[in-house]
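Asker: Please find final-v6.csv (CSV, C-alpha atoms) on the next line:
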chain,number,residue,atom,x,y,z
Z,125,MET,CA,121.3,-189.2,85.2
Z,126,THR,CA,124.8,-189.0,83.6
Z,127,GLY,CA,124.0,-192.0,81.4
Z,128,TYR,CA,120.8,-190.3,80.2
Z,129,VAL,CA,122.7,-187.1,79.3
Z,130,ILE,CA,125.4,-189.1,77.4
Z,131,ARG,CA,122.7,-191.0,75.4
Z,132,LYS,CA,120.9,-187.8,74.5
Z,133,LEU,CA,124.0,-186.0,73.4
Z,134,GLU,CA,125.5,-188.9,71.4
Z,135,ALA,CA,122.1,-189.5,69.6
Z,136,LYS,CA,122.3,-186.0,68.2
Z,137,ALA,CA,126.0,-185.3,67.4
Z,138,GLN,CA,129.3,-186.9,66.7
Z,139,GLY,CA,133.0,-185.8,66.5
Z,140,ALA,CA,133.9,-182.2,67.1
Z,141,GLU,CA,130.2,-181.2,67.4
Z,142,LEU,CA,129.7,-183.8,70.2
Z,143,ARG,CA,132.7,-182.5,72.1
Z,144,LYS,CA,131.3,-179.0,72.0
Z,145,LYS,CA,127.9,-180.2,73.3
Z,146,TYR,CA,129.7,-182.1,76.1
Z,147,GLY,CA,131.6,-179.0,77.0
Z,148,PHE,CA,128.4,-176.9,76.9
Z,149,ALA,CA,126.5,-179.4,79.1
Z,150,SER,CA,129.3,-179.5,81.6
Z,151,GLY,CA,129.5,-175.7,81.7
Z,152,ILE,CA,125.7,-175.2,82.1
Z,153,VAL,CA,125.6,-177.8,84.9
Z,154,GLY,CA,128.5,-176.1,86.6
Z,155,VAL,CA,127.0,-172.6,86.4
Z,156,VAL,CA,123.6,-173.7,87.8
Z,157,LEU,CA,124.9,-175.9,90.6
Z,158,ASN,CA,127.8,-173.7,91.7
Z,159,THR,CA,125.6,-170.5,91.8
Z,160,LEU,CA,123.1,-172.3,93.9
Z,161,LEU,CA,125.7,-173.6,96.3
Z,162,PHE,CA,127.4,-170.2,96.5
Z,163,LEU,CA,124.1,-168.5,97.6
Z,164,LEU,CA,123.3,-171.3,100.1
Z,165,LYS,CA,126.8,-171.5,101.6
Z,166,LEU,CA,127.2,-167.7,101.8
Z,167,ALA,CA,124.0,-167.5,103.8
Z,168,VAL,CA,125.2,-170.4,106.0
Z,169,GLY,CA,128.7,-168.8,106.4
Z,170,ILE,CA,127.2,-165.5,107.6
Z,171,LEU,CA,124.8,-167.3,109.9
Z,172,LEU,CA,127.5,-169.4,111.5
Z,173,GLY,CA,130.2,-166.7,111.3
Z,174,SER,CA,132.5,-169.4,109.7
Z,175,VAL,CA,135.4,-168.2,107.6
Z,176,ALA,CA,135.8,-171.8,106.2
Z,177,VAL,CA,132.2,-171.9,105.0
Z,178,MET,CA,132.3,-168.4,103.5
Z,179,ALA,CA,135.6,-169.2,101.7
Z,180,ASP,CA,134.0,-172.4,100.4
Z,181,ALA,CA,131.1,-170.3,99.1
Z,182,PHE,CA,133.3,-168.0,97.2
Z,183,ASN,CA,135.2,-171.0,95.9
Z,184,ASN,CA,131.9,-172.1,94.4
Z,185,LEU,CA,131.5,-168.7,92.9
Z,186,SER,CA,134.9,-169.0,91.2
Z,187,ASP,CA,133.8,-172.4,90.0
Z,188,SER,CA,130.8,-170.8,88.2
Z,189,ALA,CA,133.2,-168.5,86.4
Z,190,ASN,CA,135.3,-171.5,85.4
Z,191,SER,CA,132.2,-173.1,84.0
Z,192,ILE,CA,131.6,-170.1,81.8
Z,193,VAL,CA,135.2,-170.3,80.6
Z,194,THR,CA,134.6,-174.0,79.9
Z,195,ILE,CA,131.5,-173.2,77.7
Z,196,ILE,CA,133.4,-170.5,75.8
Z,197,GLY,CA,136.5,-172.6,75.4
Z,198,PHE,CA,134.7,-175.7,74.1
Z,199,LYS,CA,132.9,-173.5,71.6
Z,200,ILE,CA,136.1,-172.1,70.2
Z,201,SER,CA,138.1,-175.4,70.3
Z,202,SER,CA,135.4,-177.0,68.2
Z,203,LYS,CA,135.9,-174.6,65.3
Z,204,PRO,CA,137.3,-176.3,62.2
Z,205,ALA,CA,140.8,-175.8,60.9
Z,206,ASP,CA,141.4,-172.5,59.1
Z,207,LYS,CA,144.3,-170.7,57.3
Z,208,GLU,CA,145.9,-169.6,60.5
Z,209,HIS,CA,145.4,-172.8,62.4
Z,210,PRO,CA,145.6,-175.7,59.9
Z,211,PHE,CA,145.5,-178.3,62.7
Z,212,GLY,CA,142.3,-176.9,64.2
Z,213,HIS,CA,141.8,-175.4,67.6
Z,214,GLY,CA,141.6,-178.5,69.8
Z,215,ARG,CA,144.5,-177.6,72.1
Z,216,LEU,CA,142.4,-174.8,73.5
Z,217,GLU,CA,140.8,-177.4,75.7
Z,218,ASP,CA,144.2,-177.9,77.4
Z,219,ILE,CA,144.5,-174.1,77.8
Z,220,ILE,CA,141.1,-174.1,79.5
Z,221,GLY,CA,142.4,-176.8,81.9
Z,222,LEU,CA,145.4,-174.6,82.6
Z,223,ILE,CA,143.2,-171.6,83.4
Z,224,ILE,CA,141.0,-173.6,85.8
Z,225,ALA,CA,144.1,-175.1,87.4
Z,226,ILE,CA,145.5,-171.6,88.0
Z,227,SER,CA,142.2,-170.5,89.5
Z,228,ILE,CA,142.4,-173.5,91.9
Z,229,ILE,CA,145.8,-172.4,93.0
Z,230,PHE,CA,144.7,-168.8,93.6
Z,231,VAL,CA,141.7,-170.1,95.6
Z,232,GLY,CA,144.0,-172.3,97.6
Z,233,LEU,CA,146.4,-169.4,98.4
Z,234,GLU,CA,143.5,-167.2,99.5
Z,235,PHE,CA,142.0,-170.0,101.5
Z,236,GLY,CA,145.4,-170.5,103.2
Z,237,ARG,CA,145.8,-166.8,104.0
Z,238,SER,CA,142.3,-166.5,105.6
Z,239,SER,CA,142.8,-169.7,107.5
Z,240,ILE,CA,146.1,-168.6,109.0
Z,241,VAL,CA,144.4,-165.4,110.2
Z,242,ASN,CA,141.7,-167.4,111.7
Z,243,ILE,CA,144.1,-169.7,113.5
Z,244,PHE,CA,145.7,-166.8,115.4
Z,245,SER,CA,142.3,-165.0,115.8
Z,246,PRO,CA,139.7,-167.8,116.1
Z,247,GLN,CA,136.0,-166.8,115.9
Z,248,GLU,CA,133.2,-168.5,117.7
Z,249,ILE,CA,131.0,-170.5,115.3
Z,250,ASN,CA,127.2,-170.4,115.6
Z,251,PHE,CA,126.0,-174.0,115.3
Z,252,SER,CA,122.9,-174.9,113.3
Z,253,TRP,CA,121.7,-178.3,112.0
Z,254,VAL,CA,120.1,-176.5,109.1
Z,255,SER,CA,123.5,-175.2,108.1
Z,256,ILE,CA,125.0,-178.7,108.5
Z,257,GLY,CA,122.3,-180.0,106.2
Z,258,VAL,CA,123.1,-177.4,103.6
Z,259,LEU,CA,126.8,-178.3,103.7
Z,260,VAL,CA,126.0,-182.0,103.4
Z,261,PHE,CA,123.7,-181.3,100.5
Z,262,GLY,CA,126.6,-179.4,98.9
Z,263,PHE,CA,128.9,-182.3,99.4
Z,264,PHE,CA,126.6,-184.7,97.5
Z,265,VAL,CA,125.9,-182.1,94.7
Z,266,LYS,CA,129.7,-181.7,94.2
Z,267,PHE,CA,130.2,-185.5,94.3
Z,268,TRP,CA,127.7,-186.0,91.5
Z,269,LYS,CA,129.2,-183.2,89.6
Z,270,MET,CA,132.7,-184.8,90.0
Z,271,MET,CA,131.5,-188.1,88.7
Z,272,PHE,CA,129.6,-186.4,85.8
Z,273,ASN,CA,132.6,-184.5,84.6
Z,274,TYR,CA,135.0,-187.4,85.2
Z,275,ARG,CA,132.9,-189.8,83.2
Z,276,ILE,CA,132.4,-187.5,80.2
Z,277,GLY,CA,136.0,-186.2,80.5
Z,278,LYS,CA,137.3,-189.8,80.2
Z,279,ARG,CA,134.8,-190.5,77.4
Z,280,ILE,CA,136.1,-187.7,75.2
Z,281,LYS,CA,139.6,-187.6,76.6
Z,282,SER,CA,139.3,-184.0,77.7
Z,283,THR,CA,142.0,-182.5,80.0
Z,284,ALA,CA,139.7,-179.6,80.8
Z,285,LEU,CA,136.8,-181.7,82.0
Z,286,LEU,CA,139.1,-183.9,84.0
Z,287,VAL,CA,140.5,-180.8,85.7
Z,288,VAL,CA,136.9,-179.7,86.4
Z,289,ALA,CA,136.2,-183.1,87.9
Z,290,ALA,CA,139.3,-182.8,90.1
Z,291,ASP,CA,138.1,-179.4,91.3
Z,292,SER,CA,134.7,-180.9,92.3
Z,293,ARG,CA,136.6,-183.6,94.2
Z,294,ASN,CA,138.4,-180.8,96.1
Z,295,ASP,CA,135.1,-179.2,96.9
Z,296,CYS,CA,133.9,-182.5,98.4
Z,297,ILE,CA,137.0,-182.5,100.6
Z,298,ILE,CA,136.4,-178.8,101.6
Z,299,SER,CA,132.8,-179.6,102.6
Z,300,ALA,CA,133.8,-182.6,104.6
Z,301,PHE,CA,136.5,-180.7,106.5
Z,302,THR,CA,134.2,-177.8,107.1
Z,303,VAL,CA,131.4,-180.0,108.6
Z,304,ILE,CA,134.0,-181.8,110.8
Z,305,SER,CA,135.4,-178.5,112.1
Z,306,ILE,CA,131.9,-177.2,112.9
Z,307,LEU,CA,131.0,-180.4,114.8
Z,308,VAL,CA,134.3,-180.4,116.7
Z,309,ALA,CA,133.7,-176.8,117.7
Z,310,HIS,CA,130.1,-177.5,118.8
Z,311,TYR,CA,130.7,-180.7,120.8
Z,312,PHE,CA,134.3,-180.2,122.1
Z,313,GLY,CA,134.7,-176.4,122.2
Z,314,ILE,CA,137.7,-176.7,120.0
Z,315,TYR,CA,137.7,-174.1,117.2
Z,316,ALA,CA,139.6,-175.9,114.4
Z,317,ASP,CA,138.0,-173.8,111.7
Z,318,GLY,CA,141.3,-172.3,110.7
Z,319,VAL,CA,143.2,-175.5,110.9
Z,320,ALA,CA,140.6,-177.2,108.7
Z,321,GLY,CA,140.8,-174.3,106.2
Z,322,LEU,CA,144.6,-174.6,106.1
Z,323,LEU,CA,144.5,-178.3,105.4
Z,324,VAL,CA,142.0,-177.7,102.6
Z,325,SER,CA,144.3,-175.0,101.3
Z,326,ILE,CA,147.1,-177.5,101.0
Z,327,VAL,CA,144.8,-179.9,99.2
Z,328,LEU,CA,143.8,-177.2,96.7
Z,329,LEU,CA,147.4,-176.1,96.1
Z,330,PHE,CA,148.6,-179.6,95.4
Z,331,SER,CA,145.6,-180.4,93.2
Z,332,GLY,CA,146.0,-177.2,91.3
Z,333,TYR,CA,149.7,-177.9,90.8
Z,334,LYS,CA,149.0,-181.4,89.4
Z,335,ALA,CA,146.2,-180.2,87.2
Z,336,ALA,CA,148.5,-177.4,85.8
Z,337,GLN,CA,151.3,-179.9,85.3
Z,338,GLU,CA,149.0,-182.1,83.2
Z,339,ALA,CA,147.6,-179.3,81.1
Z,340,ILE,CA,151.1,-177.9,80.4
Z,341,SER,CA,152.3,-181.4,79.5
Z,342,SER,CA,149.5,-181.7,77.0
Z,343,ILE,CA,150.2,-178.3,75.5
Z,344,LEU,CA,153.9,-179.0,75.1
Z,345,GLY,CA,153.2,-182.4,73.6
Z,346,LYS,CA,153.0,-185.7,75.5
Z,347,PRO,CA,154.1,-189.2,74.2
Z,348,SER,CA,151.3,-191.1,72.6
Z,349,ASP,CA,149.3,-193.5,74.8
Z,350,LYS,CA,150.3,-197.1,74.4
Z,351,GLU,CA,146.8,-198.2,73.3
Z,352,THR,CA,146.8,-195.8,70.3
Z,353,ALA,CA,150.3,-196.8,69.4
Z,354,ASP,CA,149.5,-200.5,69.6
Z,355,ASN,CA,146.4,-200.0,67.4
Z,356,ILE,CA,148.4,-198.2,64.7
Z,357,LYS,CA,151.1,-200.8,64.7
Z,358,LYS,CA,148.5,-203.6,64.5
Z,359,ILE,CA,146.8,-202.1,61.5
Z,360,VAL,CA,150.0,-201.5,59.6
Z,361,LEU,CA,151.5,-204.9,60.4
Z,362,ALA,CA,148.4,-206.5,59.0
Z,363,GLN,CA,149.1,-205.2,55.5
Z,364,ASN,CA,150.6,-207.6,53.0
Z,365,GLY,CA,154.3,-207.0,52.5
Z,366,VAL,CA,155.0,-205.2,55.8
Z,367,LEU,CA,157.9,-207.0,57.6
Z,368,GLY,CA,158.1,-204.7,60.7
Z,369,VAL,CA,157.4,-201.2,62.1
Z,370,HIS,CA,159.3,-198.8,64.3
Z,371,ASP,CA,159.8,-195.1,65.1
Z,372,LEU,CA,156.1,-194.3,65.5
Z,373,VAL,CA,155.4,-190.7,66.4
Z,374,VAL,CA,151.9,-189.4,67.1
Z,375,HIS,CA,151.2,-185.7,67.3
Z,376,ALA,CA,147.9,-184.7,69.0
Z,377,TYR,CA,146.3,-181.3,68.3
Z,378,GLY,CA,143.6,-181.8,70.8
Z,379,ALA,CA,141.7,-185.1,71.2
Z,380,VAL,CA,140.1,-185.0,67.8
Z,381,HIS,CA,142.9,-184.1,65.3
Z,382,ARG,CA,145.9,-186.4,65.3
Z,383,VAL,CA,148.6,-187.1,62.8
Z,384,ALA,CA,151.4,-189.7,62.9
Z,385,THR,CA,154.5,-190.9,61.2
Z,386,ILE,CA,155.9,-194.5,61.2
Z,387,HIS,CA,158.8,-196.4,59.6
Z,388,VAL,CA,157.7,-199.5,57.8
Z,389,GLU,CA,160.2,-202.3,56.9
Z,390,MET,CA,159.7,-203.9,53.4
Z,391,ASP,CA,161.6,-206.3,51.2
Z,392,GLY,CA,164.4,-204.4,49.6
Z,393,ASP,CA,163.7,-206.2,46.3
Z,394,SER,CA,160.2,-204.8,46.1
Z,395,THR,CA,159.6,-202.3,43.3
Z,396,LEU,CA,159.0,-198.6,44.3
Z,397,GLU,CA,155.5,-198.9,42.9
Z,398,THR,CA,154.7,-201.9,45.0
Z,399,ALA,CA,156.2,-200.4,48.2
Z,400,HIS,CA,154.2,-197.2,47.6
Z,401,ASP,CA,151.0,-199.1,47.2
Z,402,ILE,CA,151.5,-201.0,50.4
Z,403,ALA,CA,152.3,-197.7,52.3
Z,404,ALA,CA,149.2,-196.0,50.8
Z,405,VAL,CA,146.9,-198.9,51.8
Z,406,ALA,CA,148.3,-198.8,55.4
Z,407,GLU,CA,147.8,-195.0,55.6
Z,408,ARG,CA,144.2,-195.3,54.4
Z,409,ALA,CA,143.5,-198.2,56.9
Z,410,VAL,CA,144.7,-196.2,59.9
Z,411,LEU,CA,142.7,-193.1,58.8
Z,412,ASP,CA,139.5,-195.1,58.3
Z,413,LYS,CA,139.8,-197.1,61.5
Z,414,LEU,CA,141.3,-194.6,63.9
Z,415,GLY,CA,140.9,-191.2,62.2
Z,416,ILE,CA,144.6,-190.5,62.4
Z,417,GLY,CA,146.5,-189.1,59.4
Z,418,LEU,CA,149.5,-191.4,59.0
Z,419,THR,CA,152.6,-190.8,56.9
Z,420,VAL,CA,154.7,-193.9,56.1
Z,421,HIS,CA,158.5,-193.9,55.7
Z,422,LEU,CA,159.8,-196.9,53.8
Z,423,ASP,CA,162.8,-198.9,55.1
Z,424,PRO,CA,164.2,-201.5,52.6
Z,425,ILE,CA,165.3,-204.7,54.3
Z,426,ASP,CA,167.8,-207.0,52.7
Z,427,THR,CA,166.1,-210.4,53.1
Z,428,ASN,CA,168.7,-212.2,51.1
Z,429,CYS,CA,171.8,-211.3,53.3
Z,430,LEU,CA,172.8,-214.6,54.9
Z,431,GLU,CA,175.2,-212.8,57.3
Z,432,LEU,CA,172.5,-210.4,58.6
Z,433,ILE,CA,169.9,-212.9,59.8
Z,434,PRO,CA,171.9,-214.7,62.5
Z,435,LEU,CA,173.4,-211.5,63.8
Z,436,ARG,CA,170.0,-209.9,64.0
Z,437,ASP,CA,168.6,-212.9,65.9
Z,438,ILE,CA,171.5,-212.6,68.4
Z,439,VAL,CA,170.8,-208.9,69.0
Z,440,LYS,CA,167.0,-209.5,69.4
Z,441,ALA,CA,167.6,-212.4,71.9
Z,442,TYR,CA,170.1,-210.4,73.9
Z,443,PHE,CA,167.8,-207.5,74.5
Z,444,LYS,CA,164.8,-209.8,75.1
Z,445,ASN,CA,166.8,-211.2,78.1
Z,446,HIS,CA,168.6,-208.1,79.3
Z,447,CYS,CA,166.2,-205.2,78.5
Z,448,PRO,CA,162.8,-206.4,77.2
Z,449,LYS,CA,161.6,-202.8,76.6
Z,450,ALA,CA,164.4,-202.1,74.1
Z,451,ASP,CA,163.5,-201.9,70.4
Z,452,ALA,CA,166.3,-202.8,68.0
Z,453,HIS,CA,165.5,-202.4,64.3
Z,454,GLU,CA,166.6,-201.3,60.8
Z,455,PHE,CA,169.5,-203.8,60.7
Z,456,ARG,CA,172.0,-203.7,57.9
Z,457,ILE,CA,175.4,-205.1,57.1
Z,458,VAL,CA,178.3,-203.0,55.9
Z,459,HIS,CA,181.6,-204.4,54.6
Z,460,ASN,CA,184.4,-201.9,55.6
Z,461,HIS,CA,188.0,-203.0,54.6
Z,462,ASN,CA,187.2,-206.6,55.0
Z,463,LYS,CA,185.7,-205.9,58.4
Z,464,LEU,CA,182.0,-206.8,58.9
Z,465,GLN,CA,179.9,-204.1,60.5
Z,466,LEU,CA,176.4,-204.6,61.9
Z,467,VAL,CA,174.5,-201.3,61.9
Z,468,PHE,CA,171.1,-200.9,63.6
Z,469,ASP,CA,168.9,-198.4,65.4
Z,470,LEU,CA,168.2,-198.9,69.1
Z,471,GLN,CA,165.5,-197.3,71.2
Z,472,LEU,CA,166.0,-197.8,75.0
Z,473,PRO,CA,163.7,-197.0,77.9
Z,474,GLN,CA,164.1,-193.3,78.9
Z,475,ASP,CA,164.7,-194.1,82.5
Z,476,LEU,CA,168.0,-195.8,81.8
Z,477,SER,CA,171.1,-193.8,82.8
Z,478,VAL,CA,174.0,-193.2,80.3
Z,479,ASP,CA,176.1,-195.8,82.2
Z,480,GLU,CA,173.4,-198.4,82.0
Z,481,GLN,CA,173.0,-197.8,78.3
Z,482,LYS,CA,176.8,-198.2,77.8
Z,483,ASN,CA,176.8,-201.4,79.8
Z,484,LEU,CA,174.0,-202.9,77.8
Z,485,ILE,CA,175.8,-202.1,74.5
Z,486,ASN,CA,179.2,-203.3,75.7
Z,487,GLY,CA,177.6,-206.6,76.9
Z,488,LEU,CA,176.1,-207.1,73.4
Z,489,LYS,CA,179.5,-206.5,71.8
Z,490,GLN,CA,181.1,-209.1,74.1
Z,491,GLN,CA,178.5,-211.6,73.2
Z,492,ILE,CA,178.9,-211.1,69.4
Z,493,GLY,CA,182.7,-211.1,69.6
Z,494,ASP,CA,185.5,-209.3,67.9
Z,495,GLY,CA,184.7,-210.5,64.4
Z,496,VAL,CA,182.0,-208.0,63.9
Z,497,ASP,CA,181.9,-204.3,64.7
Z,498,ILE,CA,178.7,-203.0,66.1
Z,499,ILE,CA,177.4,-199.5,65.2
Z,500,VAL,CA,174.4,-198.5,67.2
Z,501,ASN,CA,172.2,-195.4,66.5
Z,502,LEU,CA,170.4,-194.5,69.7
Z,503,GLU,CA,166.9,-193.1,69.4
Z,504,SER,CA,164.4,-191.5,71.6
Z,505,GLY,CA,160.9,-193.0,72.2
Z,506,PHE,CA,157.6,-191.1,71.7
Z,507,ILE,CA,155.3,-193.7,73.2
Z,508,GLU,CA,154.2,-194.0,76.9
Z,509,GLU,CA,156.2,-196.7,78.6
Turn this file's structure into structure tokens for me.
Answerer:
Amino acid sequence: MTGYVIRKLEAKAQGAELRKKYGFASGIVGVVLNTLLFLLKLAVGILLGSVAVMADAFNNLSDSANSIVTIIGFKISSKPADKEHPFGHGRLEDIIGLIIAISIIFVGLEFGRSSIVNIFSPQEINFSWVSIGVLVFGFFVKFWKMMFNYRIGKRIKSTALLVVAADSRNDCIISAFTVISILVAHYFGIYADGVAGLLVSIVLLFSGYKAAQEAISSILGKPSDKETADNIKKIVLAQNGVLGVHDLVVHAYGAVHRVATIHVEMDGDSTLETAHDIAAVAERAVLDKLGIGLTVHLDPIDTNCLELIPLRDIVKAYFKNHCPKADAHEFRIVHNHNKLQLVFDLQLPQDLSVDEQKNLINGLKQQIGDGVDIIVNLESGFIEE
């Protein structure tokens, strides 16, 4: 079913229009299924006298509201760039995800409150296999909805749809706990309705917190994923005249609109016109293949300096052995009062402490010896490690 929907949508639209259609499809599916489940579970909850079932029903009703938010949000986020928003409206998807995450947290809090009341004042549950059947039906509906949103969310890299998928997963857990508590009450006379509801509340609160954390991280700006970074570097390095690349930064304004900057090393003897042409070709190649607007910064490299090459090789070999994730680049030699200075930029893994960074650099200085001063410019990384 999901594959059929994907084929139908992708046959009719691409790019921002396709994202809007995916968001609309997710929202419509959510409104229809969640409204149906709300009515069924509300009836079951009243029939059984179960606070967990009725809370689950109203959770489905809130999911219907979230689905409407999803439809509106995707419609707005697909709008093209304008004077006030030159980078488009794509980040609104992340705001949708945050709104849904907050609603999950509120449902979790209310679920916890009603469950605690039920623990201290348990109510007898009226057993019915029809009611159990409705809850099991709801489980499978939510499981399909979870897989539907997860698949298309991954396909278009949508934080909002992945949060919706996580919410459906939570609903599956709620249904499972509810069925178990009803069966335990029926067969063993143990009214665990409130305890089951409290456990579900904890799951909801944790899931809402993680979803909110992910949405906020996207809004604030996350490091680029390694796959995108590697693809950009591969394309740029394939251009004639490019000796190396570093300092790649990718800015995402939603999943569709992305811009990037990168430092490209070229022979210092190249003419400005030649270097400019190489940069322009690299920028165009990245735009054509990845849809990312790239700006190239040129770094001239002295390929004729006989003192530089062996020192650079020592540094590269040292970090390869002692810290493989380190990236040393932009090497240059400076003669200062007859003292040789090796200057370079260094990007280290962000999980290294200050003391570990100092120990690495001191170890390098000892290996090179006193004949050369080392000046290191430490830089931050903007790529997922």
Asker: Using only C-alpha atoms, which protein or nucleic acid residues come within 9 Å of stretch 265-275 of chain Z? Drop anything in the same chain fewer than 5 positions from it, and give the result as a ChimeraX atom specification.
Answerer: /Z:125-126,150,153-154,157-158,161,260,280,285-296
Asker: Excluding stretch 442-455 of chain Z and any residue of its chain fewer than 3 positions from it, enumerate the residues within 8 Å of it, using all atoms listed in the file, and give them as a PyMOL selection string.
Answerer: chain Z and resi 370+389+423+425+432+436+438-439+466-473+484+488
Asker: Nearest residue to Z:Gly392 out of Z:Cys429, Z:Leu372, Z:Leu418, Z:Val500, using all atoms listed in the file?
Answerer: Z:Cys429
Asker: Tell me, in Å to one decimal, how far atom CA of Z:Leu411 is from atom CA of Z:Asp371.
Answerer: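 We find that atom CA of Z:Leu411 and atom CA of Z:Asp371 lie 18.3 Å from each other.
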Asker: Could you name the residues that touch Z:Ala404 at 12 Å or less, counting all atoms listed in the file, but leaving out those on the same chain fewer than 2 positions away, as a ChimeraX atom specification?
Answerer: /Z:360,363-364,366,388,397-402,406-411,417-422
Asker: Between atom CA of Z:Ile195 and atom CA of Z:Phe148, what is the spacing in Å?
Answerer: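 That distance, rounded to one decimal, is 4.9 Å.
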Asker: Could you state the separation of atom CA of Z:Gly127 and atom CA of Z:Ala189 in Å, given to one decimal place?
Answerer: 25.7 Å
Asker: I need the residue nearest Z:Gly345 from this list: Z:His375, Z:Leu322, Z:His459, Z:Val369. Use only C-alpha atoms for the distance.
Answerer: Z:His375
Asker: Here is a test: counting all atoms listed in the file, which residue of Z:Val380, Z:Leu502, Z:Ile229, Z:Leu367 is nearest to Z:Glu141?
Answerer: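 Among Z:Val380, Z:Leu502, Z:Ile229, Z:Leu367, it is Z:Val380 that comes nearest to Z:Glu141.
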Asker: Within 12 Å of Z:Ala336, counting all atoms listed in the file, which residues qualify if same-chain residues fewer than 6 places away don't, as an MDAnalysis selection string?
Answerer: chainID Z and resid 218:229 283:284 286:288 290:291 328:330 342:343
Asker: Nearest residue to Z:Asn183 out of Z:Ile356, Z:Leu259, Z:Val231, Z:Val156, using all atoms listed in the file?
Answerer: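 Counting all atoms listed in the file, the residue closest to Z:Asn183 is Z:Val231.
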